[in-house]
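I have placed the structure first, in the form of C-alpha cells, so that the comments after it can refer back to it.
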Amino acid sequence: METEADSNDITDHQHDDKPRPCVCTVCDRRFTTKQSLNHHKKAHTGEKFSCTQCEKRFNRPRSLSEHMKVHSTKYKCTECGKCCHSNRDLRVHGRFHSGEKPFECTVCSKRFTTSGSLVKHRRIHSGEKPYKCHLCDKAFSSSGELSTHMRVHTGDKPYKCSLCDKSFSESSKLQRHKDDVHSNRRPYDCRYCGKLFKRIFVLQNHIRIHTGAKPYSCRHCSDSFTKLEQLKVHMLKSHNEGTWFTCHICQKKCSLRYNLKKHILRHEDQKPYVCSECTKRFYTAAELRKHEPIHSDFKPFCCGSCGKYSKHKRHVVSHFKRCSVRLGFTGVFLSSTL
C-alpha cells in the first residue's frame, strides 16, 4: 500500500510543495506520511469510529475525541438543545435562531451568518475554485464541497439513520431525513400567525408573506421575489439565464434540481415516505403531511375569518374566500402544526 516515488513522479499539490511518497493503490492519491495514508484507506474500506451518543462517524480517533467534547460541553443552545464547543460557537449558532446576518457581500448585498460563509460566497463572483478533485478534475470553492464530492467516487455514506436502514453521504441529509420521515417536531414558530416549522429558513421565507418583503431582485428588470427559487425560475423563463435540469428518462426540463429529483422518483416508482398508521407510501414529505390528518380528529387548518377548522388546507382556502366575501373581512390562515 506504500511505494517510494521518484522526485519527478510526485504529483504537484495545490497548496504546498511537500513531497508525498505514500501512494494509495486504490485511487492513486498521495500523502506525506504513512499515518495519513492509513487514515485515508478507511475511506475505501468503510471503517469508521462511531460516536456512542449520536449517529456521527469519523475516519480518525482524534476527530472522534474532539467531537465527544460536544456532548459534555456547558455551551448548550436553549432553543434547540444543540451543544457547541465554545461560547463563540454558541453565539454564532444563535444567529440561526435570531436571523441575524452581520456579514454582507459588497457585490450583491446578500447577507450571511458567518464570515466563512461570506468568503465562500465571494468565490461565486470571482469564479475561484481552488479545490480540485484528483479523479475527475472537477473543481470546488471549498474543501468541504470537495470532501463531500469524493464520496461520489468512494460510494461512502457514513451517516446512518438509527431508525431505519437508510444511509447518507452528508450529515445535513441525514438530519433532513429524520425531520421529514421520523419526527413531527417543529421548533420554529411564526410570531405573526403561530404557524410552526421544522427549519428556520422555511420560517424566514414564510415571514415574508406577512411583511411583504421581496429581497431577491432581478438585475434585468424591476421584478422582485420573496424566495431565491422564484428568482431562479424567473431568470430562466424570462431572460434565458441559468441552467435547466433535464430528466435523463423523458427529457423533461426542471428549473430546480430539487424538482428534478422529485420527478425522477415517479419514474423509478420510489415512495420513501411511509405513513406510520396505514403504511401508505408517498413520493414527498409534503404528500405525507397532507395525508396524516386522515387518521386523527386533529384539524390543523383554521379559517381566518370565522375560525372554522378543517383537516385539509384546500377546504379552508375555499371556505375562507366565501367568508371574506360574506363578512368583508381579510384575515389570514392559521395552522397549529403544519
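Chain labels follow the order of the C-alpha cells: the first chain is A, the next B, and so on; residue numbering restarts at 1 in every chain, and ligands are counted from 1 in their shown order.
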
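Residues surrounding His267 of chain A within 12 Å are Cys247, His248, Ile249, Cys250, Gln251, Lys252, Leu260, Lys261 and Tyr283 of chain A [only C-alpha atoms; sequence separation below 6 positions excluded].
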
Keeping only C-alpha atoms, take the residues you just selected and write them out as a JSON list (two decimals), in the first residue's frame.
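Result written to again.json:
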```json
[["chain", "number", "residue", "atom", "x", "y", "z"],
["A", 247, "CYS", "CA", -34.59, 14.28, -16.82],
["A", 248, "HIS", "CA", -32.47, 11.54, -18.41],
["A", 249, "ILE", "CA", -35.56, 9.36, -18.87],
["A", 250, "CYS", "CA", -38.17, 11.60, -20.52],
["A", 251, "GLN", "CA", -36.08, 14.76, -21.18],
["A", 252, "LYS", "CA", -38.43, 16.93, -19.13],
["A", 260, "LEU", "CA", -35.92, 17.11, -10.89],
["A", 261, "LYS", "CA", -35.18, 14.72, -8.01],
["A", 283, "TYR", "CA", -43.23, 10.44, -3.10]]
```

message: Can you pull out every residue from segment 5-218 of chain A that DSSP, working from the backbone, puts in strand (DSSP E), and format the result as a ChimeraX atom specification?
response: /A:22-23,30-31,49-50,57-58,75-76,83-84,103-104,111-112,131-132,139-140,159-160,167-168,188-189,196-197,216-217

Produce a file of the selected residues containing N, CA and C atoms, as an mmCIF file, in the first residue's frame.
```cif
data_model
loop_
_atom_site.group_PDB
_atom_site.id
_atom_site.type_symbol
_atom_site.label_atom_id
_atom_site.label_comp_id
_atom_site.auth_asym_id
_atom_site.auth_seq_id
_atom_site.Cartn_x
_atom_site.Cartn_y
_atom_site.Cartn_z
ATOM 1 N N CYS A 22 3.847 8.478 -0.162
ATOM 2 C CA CYS A 22 2.931 7.391 0.197
ATOM 3 C C CYS A 22 1.723 7.414 -0.734
ATOM 4 N N VAL A 23 1.521 6.335 -1.481
ATOM 5 C CA VAL A 23 0.512 6.316 -2.540
ATOM 6 C C VAL A 23 -0.579 5.297 -2.226
ATOM 7 N N ARG A 30 -1.861 10.707 -3.118
ATOM 8 C CA ARG A 30 -0.576 10.690 -2.439
ATOM 9 C C ARG A 30 -0.639 11.405 -1.092
ATOM 10 N N PHE A 31 0.207 10.959 -0.155
ATOM 11 C CA PHE A 31 0.239 11.521 1.191
ATOM 12 C C PHE A 31 1.680 11.657 1.665
ATOM 13 N N PHE A 49 -14.972 5.364 13.054
ATOM 14 C CA PHE A 49 -15.034 5.428 14.510
ATOM 15 C C PHE A 49 -16.345 6.138 14.867
ATOM 16 N N SER A 50 -17.246 5.429 15.518
ATOM 17 C CA SER A 50 -18.608 5.918 15.736
ATOM 18 C C SER A 50 -18.754 6.576 17.102
ATOM 19 N N ARG A 57 -19.966 9.532 12.513
ATOM 20 C CA ARG A 57 -18.820 8.633 12.456
ATOM 21 C C ARG A 57 -17.629 9.377 11.858
ATOM 22 N N PHE A 58 -16.420 8.948 12.235
ATOM 23 C CA PHE A 58 -15.221 9.682 11.866
ATOM 24 C C PHE A 58 -14.133 8.729 11.390
ATOM 25 N N TYR A 75 -21.834 24.650 26.857
ATOM 26 C CA TYR A 75 -22.375 25.634 25.913
ATOM 27 C C TYR A 75 -23.498 24.983 25.110
ATOM 28 N N LYS A 76 -24.691 25.074 25.628
ATOM 29 C CA LYS A 76 -25.848 24.405 25.034
ATOM 30 C C LYS A 76 -26.908 25.429 24.648
ATOM 31 N N CYS A 83 -25.354 21.366 21.260
ATOM 32 C CA CYS A 83 -24.167 21.644 22.069
ATOM 33 C C CYS A 83 -23.056 22.204 21.189
ATOM 34 N N CYS A 84 -22.334 23.179 21.710
ATOM 35 C CA CYS A 84 -21.268 23.824 20.954
ATOM 36 C C CYS A 84 -19.949 23.689 21.706
ATOM 37 N N PHE A 103 -22.737 39.747 8.106
ATOM 38 C CA PHE A 103 -21.724 39.819 7.050
ATOM 39 C C PHE A 103 -22.399 39.986 5.689
ATOM 40 N N GLU A 104 -22.062 41.075 5.008
ATOM 41 C CA GLU A 104 -22.739 41.421 3.745
ATOM 42 C C GLU A 104 -21.768 41.395 2.578
ATOM 43 N N ARG A 111 -26.564 38.714 2.530
ATOM 44 C CA ARG A 111 -26.010 38.698 3.879
ATOM 45 C C ARG A 111 -25.836 37.262 4.384
ATOM 46 N N PHE A 112 -24.876 37.097 5.338
ATOM 47 C CA PHE A 112 -24.539 35.771 5.825
ATOM 48 C C PHE A 112 -24.360 35.776 7.332
ATOM 49 N N TYR A 131 -10.195 24.129 -4.960
ATOM 50 C CA TYR A 131 -10.141 22.732 -4.528
ATOM 51 C C TYR A 131 -10.564 21.820 -5.677
ATOM 52 N N LYS A 132 -9.615 20.997 -6.141
ATOM 53 C CA LYS A 132 -9.831 20.200 -7.345
ATOM 54 C C LYS A 132 -9.784 18.712 -7.041
ATOM 55 N N ALA A 139 -13.775 20.961 -9.983
ATOM 56 C CA ALA A 139 -13.251 21.927 -9.020
ATOM 57 C C ALA A 139 -14.365 22.460 -8.125
ATOM 58 N N PHE A 140 -13.976 22.864 -6.904
ATOM 59 C CA PHE A 140 -14.951 23.330 -5.919
ATOM 60 C C PHE A 140 -14.414 24.566 -5.209
ATOM 61 N N TYR A 159 -23.208 8.462 7.259
ATOM 62 C CA TYR A 159 -24.252 8.884 8.192
ATOM 63 C C TYR A 159 -25.471 7.972 8.052
ATOM 64 N N LYS A 160 -25.645 7.111 9.060
ATOM 65 C CA LYS A 160 -26.707 6.111 9.007
ATOM 66 C C LYS A 160 -27.829 6.474 9.970
ATOM 67 N N SER A 167 -28.797 5.234 4.665
ATOM 68 C CA SER A 167 -27.524 5.898 4.935
ATOM 69 C C SER A 167 -27.377 7.086 3.996
ATOM 70 N N PHE A 168 -26.572 8.077 4.422
ATOM 71 C CA PHE A 168 -26.451 9.309 3.667
ATOM 72 C C PHE A 168 -24.991 9.743 3.613
ATOM 73 N N TYR A 188 -39.672 25.940 15.340
ATOM 74 C CA TYR A 188 -39.663 27.342 14.924
ATOM 75 C C TYR A 188 -41.092 27.815 14.645
ATOM 76 N N ASP A 189 -41.526 28.863 15.366
ATOM 77 C CA ASP A 189 -42.901 29.345 15.210
ATOM 78 C C ASP A 189 -42.906 30.771 14.685
ATOM 79 N N LEU A 196 -46.015 26.660 12.834
ATOM 80 C CA LEU A 196 -44.769 26.026 13.255
ATOM 81 C C LEU A 196 -44.029 25.423 12.063
ATOM 82 N N PHE A 197 -42.685 25.419 12.157
ATOM 83 C CA PHE A 197 -41.856 24.933 11.066
ATOM 84 C C PHE A 197 -40.716 24.079 11.603
ATOM 85 N N TYR A 216 -35.134 39.425 -3.179
ATOM 86 C CA TYR A 216 -34.421 38.911 -4.352
ATOM 87 C C TYR A 216 -34.892 39.648 -5.603
ATOM 88 N N SER A 217 -34.013 40.506 -6.139
ATOM 89 C CA SER A 217 -34.365 41.367 -7.277
ATOM 90 C C SER A 217 -33.677 40.890 -8.547
#
```

Residues flagged alpha helix (DSSP H) by DSSP in segment 25-270 of chain A, as a ChimeraX atom specification: /A:34-45,61-68,87-98,115-126,143-154,171-177,200-211,228-239,257-267
